[in-house]
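S.K.: Pasting in a structure now, in structure tokens, and then I'll have a few things to ask.
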Amino acid sequence: MSAQMVRLQSLQFNVAGLMKGPLGGVREYDLRVPISEMDQIDESFDVTGPFIGSVHMLKASDTVLVRMEGSLTVRLVCSRCLELFDAEIPVVIEEEFRPSINLVTGRVVRDLGDDAAVVIDERHILDLTEVLRQSIVLALPVAPVCDPDCQGLCPVCGANRNTETCHCEADSIDPRWSALSVLLDDVKE
């Protein structure tokens with residue numbers, strides 16, 4: 001099946017047809033999830049660009065294997081200069097989703113595992129929202145930097161070294177830490 005462009009109100013797919021189909025059946029979609037929908041996923045990061053990517057679903061024996069790739073733009077604070085900047089965050093998801101209802105018998109499946117985010121609900125809806133949220137959070141840099149050459153803030157006067165020149169001595173030592181300079185002298189010898 002060829003890929004289809006889908007503009008979603010959510011990242012939910014009805015996979016009843018895929019689950020009833022033959023083993024190895026595939027569904028592919030190109031995704032463009034607007035900023036307004038991405039903002040509702042998590043408030044811990046500020047989305048400034050849509051999620052653009054693709055999703056590939058493969059029917060296995062009793063599960064649906066999902067591979068989703070894409071990226072979105074988020075606003076971050078530089079850990080060196082404290083300025084806001086936009087960064088593109090790549091996301092790759094590979095998950096196995098299990099149905100909560102057996103399509104043949106209609107019975108509830110008892111052993112679904114520990115992760116509720118990878119369960120296909122009783123209406124045969126596969127929801128990628130939570131796994132996408134988790135993947136974005138994990139992909140966010142721990143110490144984001146606006147530019148690899150960012151000079152950061154002056155530790156003495158607090159000036160942003162990228163935009164202004166300060167005349168502080170870079171090697172000046174805070175008197176409260178001067179006792180530790182003896183350790184540096186030992187290392188140099």
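Residues in the structure tokens are named by chain (A, B, ... in the order shown) and by number from 1 within that chain; ligands are numbered from 1 in the order shown.
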Determine, using only C-alpha atoms, which residues of stretch 89-160 of chain A have any atom at most 12 Å from an atom of stretch 75-82 of chain A, and tabulate each with its shortest atom pair and distance in Å to one decimal place, rows ordered by chain and then rising number, as a tab-separated table.
M.R.:
```
residue	atom	partner	partner_atom	distance
A:Ile89	CA	A:Arg75	CA	10.1
A:Leu140	CA	A:Leu76	CA	9.0
A:Pro141	CA	A:Leu76	CA	9.2
A:Val142	CA	A:Ser79	CA	8.9
A:Ala143	CA	A:Ser79	CA	5.5
A:Pro144	CA	A:Cys78	CA	5.3
A:Val145	CA	A:Cys78	CA	4.7
A:Cys146	CA	A:Cys78	CA	5.3
A:Asp147	CA	A:Cys78	CA	8.5
A:Pro148	CA	A:Arg80	CA	10.0
A:Asp149	CA	A:Arg80	CA	10.2
A:Cys150	CA	A:Arg80	CA	6.9
A:Gln151	CA	A:Arg80	CA	7.1
A:Gly152	CA	A:Cys81	CA	4.1
A:Leu153	CA	A:Cys81	CA	5.2
A:Cys154	CA	A:Cys81	CA	9.0
A:Pro155	CA	A:Arg80	CA	10.7
A:Gly158	CA	A:Cys81	CA	9.3
A:Ala159	CA	A:Cys81	CA	8.9
A:Asn160	CA	A:Cys81	CA	6.1
```
S.K.: Kindly export the residues of the current selection with C-alpha atoms, as a short mmCIF file (atom, residue, chain, number, x, y, z; two decimals), in the first residue's frame.
M.R.:
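What follows is the written file again-v2.cif:
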```cif
data_model
loop_
_atom_site.label_atom_id
_atom_site.label_comp_id
_atom_site.auth_asym_id
_atom_site.auth_seq_id
_atom_site.Cartn_x
_atom_site.Cartn_y
_atom_site.Cartn_z
CA ILE A 89 14.37 17.34 17.66
CA LEU A 140 15.54 16.63 24.44
CA PRO A 141 19.15 17.56 25.20
CA VAL A 142 20.14 17.60 28.87
CA ALA A 143 22.24 20.76 28.42
CA PRO A 144 20.96 22.46 25.26
CA VAL A 145 23.35 24.84 23.52
CA CYS A 146 22.21 27.48 21.03
CA ASP A 147 25.47 27.23 19.09
CA PRO A 148 28.50 24.97 19.61
CA ASP A 149 30.63 28.14 19.74
CA CYS A 150 28.40 29.84 22.35
CA GLN A 151 30.62 31.79 24.76
CA GLY A 152 28.07 31.75 27.58
CA LEU A 153 27.85 34.23 30.44
CA CYS A 154 30.77 35.88 32.19
CA PRO A 155 31.06 34.23 35.61
CA GLY A 158 27.06 37.99 34.06
CA ALA A 159 27.40 39.61 30.63
CA ASN A 160 26.42 37.53 27.61
#
```
S.K.: Return as a count of residues only the full set of residues in stretch 15-162 of chain A whose backbone-based DSSP assignment is alpha helix (DSSP H).
M.R.: 20
S.K.: Residues at most 12 Å from A:Gly53, counting only C-alpha atoms, excluding those fewer than 6 positions away in the same chain, as a PDB file with C-alpha atoms, in the first residue's frame?
M.R.:
```pdb
ATOM      1  CA  ALA A   3       1.838   6.104   1.786  1.00  0.00           C
ATOM      2  CA  GLN A   4      -1.018   8.496   2.441  1.00  0.00           C
ATOM      3  CA  MET A   5      -0.721  12.094   3.673  1.00  0.00           C
ATOM      4  CA  VAL A   6      -2.734  12.425   6.867  1.00  0.00           C
ATOM      5  CA  ARG A   7      -3.413  15.560   8.885  1.00  0.00           C
ATOM      6  CA  LEU A  11      -2.117  10.433  16.672  1.00  0.00           C
ATOM      7  CA  GLU A  28       2.010   3.592   5.917  1.00  0.00           C
ATOM      8  CA  TYR A  29       1.199   7.231   6.499  1.00  0.00           C
ATOM      9  CA  ASP A  30       3.006  10.527   6.053  1.00  0.00           C
ATOM     10  CA  LEU A  31       2.277  12.710   9.059  1.00  0.00           C
ATOM     11  CA  ARG A  32       2.050  16.440   9.589  1.00  0.00           C
ATOM     12  CA  VAL A  33       0.706  17.112  13.064  1.00  0.00           C
ATOM     13  CA  PRO A  34       0.127  20.872  13.575  1.00  0.00           C
ATOM     14  CA  ARG A  67       8.054   2.415  13.291  1.00  0.00           C
ATOM     15  CA  MET A  68       7.646   6.171  13.341  1.00  0.00           C
ATOM     16  CA  GLU A  69      10.298   8.663  12.261  1.00  0.00           C
ATOM     17  CA  GLY A  70      10.125  12.402  12.128  1.00  0.00           C
ATOM     18  CA  SER A  71      11.052  15.638  13.791  1.00  0.00           C
ATOM     19  CA  LEU A  72       9.598  18.722  15.373  1.00  0.00           C
ATOM     20  CA  ILE A  89      14.374  17.338  17.661  1.00  0.00           C
ATOM     21  CA  PRO A  90      14.568  14.079  15.703  1.00  0.00           C
ATOM     22  CA  VAL A  91      12.294  11.281  16.883  1.00  0.00           C
ATOM     23  CA  VAL A  92      12.495   7.576  16.041  1.00  0.00           C
ATOM     24  CA  ILE A  93      10.009   5.170  17.605  1.00  0.00           C
ATOM     25  CA  LEU A 132       5.625  10.153  20.935  1.00  0.00           C
TER      26      LEU A 132
END
```
S.K.: Using only C-alpha atoms for the distances, tell me which of A:Asp62, A:Glu122, A:Asp186, A:Asp46 is nearest to A:Asp86.
M.R.: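 When distances to A:Asp86 are compared using only C-alpha atoms, the smallest one comes from A:Asp46.
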S.K.: Quick one: DSSP strand (DSSP E) residues in stretch 59-160 of chain A, as a short mmCIF file (atom, residue, chain, number, x, y, z; two decimals) with N, CA and C atoms, in the first residue's frame?
M.R.:
```
data_model
loop_
_atom_site.label_atom_id
_atom_site.label_comp_id
_atom_site.auth_asym_id
_atom_site.auth_seq_id
_atom_site.Cartn_x
_atom_site.Cartn_y
_atom_site.Cartn_z
N LYS A 59 1.53 -5.77 10.48
CA LYS A 59 0.80 -6.77 11.28
C LYS A 59 1.69 -7.98 11.49
N VAL A 64 0.92 -5.38 16.42
CA VAL A 64 1.22 -4.46 15.33
C VAL A 64 2.56 -3.82 15.65
N LEU A 65 3.52 -4.00 14.75
CA LEU A 65 4.83 -3.39 14.91
C LEU A 65 4.78 -2.01 14.26
N VAL A 66 5.19 -1.00 15.02
CA VAL A 66 5.11 0.39 14.55
C VAL A 66 6.51 0.99 14.52
N ARG A 67 6.82 1.62 13.40
CA ARG A 67 8.05 2.41 13.29
C ARG A 67 7.63 3.81 12.85
N MET A 68 7.97 4.79 13.66
CA MET A 68 7.65 6.17 13.34
C MET A 68 8.93 6.99 13.38
N GLU A 69 9.13 7.78 12.35
CA GLU A 69 10.30 8.66 12.26
C GLU A 69 9.80 10.05 11.91
N GLY A 70 10.48 11.03 12.46
CA GLY A 70 10.13 12.40 12.13
C GLY A 70 10.87 13.37 13.00
N SER A 71 10.43 14.62 12.97
CA SER A 71 11.05 15.64 13.79
C SER A 71 10.06 16.76 14.05
N LEU A 72 10.37 17.54 15.06
CA LEU A 72 9.60 18.72 15.37
C LEU A 72 10.55 19.76 15.93
N THR A 73 10.09 21.00 15.99
CA THR A 73 10.93 22.08 16.49
C THR A 73 10.40 22.51 17.85
N VAL A 74 11.30 22.62 18.82
CA VAL A 74 10.92 23.06 20.17
C VAL A 74 11.80 24.25 20.57
N ARG A 75 11.27 25.06 21.46
CA ARG A 75 12.03 26.20 21.99
C ARG A 75 12.72 25.75 23.26
N LEU A 76 14.02 26.00 23.34
CA LEU A 76 14.84 25.61 24.48
C LEU A 76 15.58 26.82 25.02
N VAL A 77 16.13 26.68 26.23
CA VAL A 77 16.97 27.70 26.83
C VAL A 77 18.40 27.21 26.79
N LEU A 84 16.84 32.05 24.62
CA LEU A 84 15.93 31.11 23.98
C LEU A 84 16.38 30.85 22.55
N PHE A 85 16.22 29.62 22.10
CA PHE A 85 16.50 29.28 20.70
C PHE A 85 15.63 28.09 20.30
N ASP A 86 15.42 27.95 19.00
CA ASP A 86 14.63 26.84 18.47
C ASP A 86 15.57 25.73 18.01
N ALA A 87 15.21 24.49 18.34
CA ALA A 87 16.03 23.34 17.94
C ALA A 87 15.13 22.27 17.33
N GLU A 88 15.61 21.65 16.28
CA GLU A 88 14.89 20.54 15.67
C GLU A 88 15.23 19.27 16.44
N ILE A 89 14.20 18.56 16.88
CA ILE A 89 14.37 17.34 17.66
C ILE A 89 13.97 16.14 16.80
N PRO A 90 14.92 15.28 16.47
CA PRO A 90 14.57 14.08 15.70
C PRO A 90 13.96 13.03 16.63
N VAL A 91 12.98 12.30 16.09
CA VAL A 91 12.29 11.28 16.88
C VAL A 91 12.22 10.00 16.06
N VAL A 92 12.63 8.90 16.66
CA VAL A 92 12.50 7.58 16.04
C VAL A 92 11.85 6.67 17.08
N ILE A 93 10.75 6.05 16.69
CA ILE A 93 10.01 5.17 17.61
C ILE A 93 9.86 3.81 16.95
N GLU A 94 10.18 2.77 17.70
CA GLU A 94 9.92 1.40 17.28
C GLU A 94 9.25 0.71 18.46
N GLU A 95 7.99 0.38 18.29
CA GLU A 95 7.22 -0.24 19.38
C GLU A 95 6.34 -1.36 18.84
N GLU A 96 6.03 -2.27 19.72
CA GLU A 96 5.11 -3.36 19.42
C GLU A 96 3.83 -3.11 20.22
N PHE A 97 2.71 -2.95 19.53
CA PHE A 97 1.42 -2.69 20.17
C PHE A 97 0.61 -3.97 20.23
N ARG A 98 -0.02 -4.18 21.38
CA ARG A 98 -0.83 -5.39 21.61
C ARG A 98 -2.30 -5.02 21.72
N PRO A 99 -3.17 -5.80 21.07
CA PRO A 99 -4.61 -5.51 21.18
C PRO A 99 -5.16 -5.91 22.55
N VAL A 119 -0.87 -0.37 24.16
CA VAL A 119 -2.05 -1.23 24.09
C VAL A 119 -3.04 -0.64 23.09
N ILE A 120 -3.52 -1.48 22.20
CA ILE A 120 -4.58 -1.08 21.27
C ILE A 120 -5.89 -1.23 22.02
N ILE A 125 -8.24 1.15 18.46
CA ILE A 125 -7.52 2.39 18.22
C ILE A 125 -6.10 2.26 18.75
N LEU A 126 -5.14 2.45 17.86
CA LEU A 126 -3.73 2.46 18.22
C LEU A 126 -3.36 3.94 18.38
N ASP A 127 -3.00 4.33 19.59
CA ASP A 127 -2.73 5.73 19.91
C ASP A 127 -1.23 5.92 20.10
#
```
S.K.: Could you work out how far atom CA of A:Val26 lies from atom CA of A:Met57, giving the answer in Å with one decimal?
M.R.: 5.5 Å
S.K.: Between atom CA of A:Thr48 and atom CA of A:Ser36, what is the distance, to one decimal in Å?
M.R.: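 Distance reported for this atom pair: 9.4 Å.
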S.K.: My list of candidates is A:Ile101, A:Val137, A:Gly21, A:Arg123. Which is closest to A:Glu43 when distances are computed with only C-alpha atoms?
M.R.: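 Checking each candidate against A:Glu43, we get A:Val137 as the closest.
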S.K.: For each of A:Leu184, A:Ile136, A:Cys168, A:Leu128, take the minimum atom-to-atom distance to A:Val47, counting only C-alpha atoms, then give the residue where this is smallest.
M.R.: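 Looking at the shortest contact to A:Val47, the residue is A:Ile136.
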S.K.: Between atom CA of A:Leu18 and atom CA of A:Thr63, what is the distance in Å, rounded to a tenth?
M.R.: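 Separation between atom CA of A:Leu18 and atom CA of A:Thr63: 10.2 Å.
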S.K.: When distances are computed from only C-alpha atoms, which of A:Arg161, A:Gly25, A:Glu37, A:Phe13 shows the smallest separation from A:Val55?
M.R.: A:Phe13
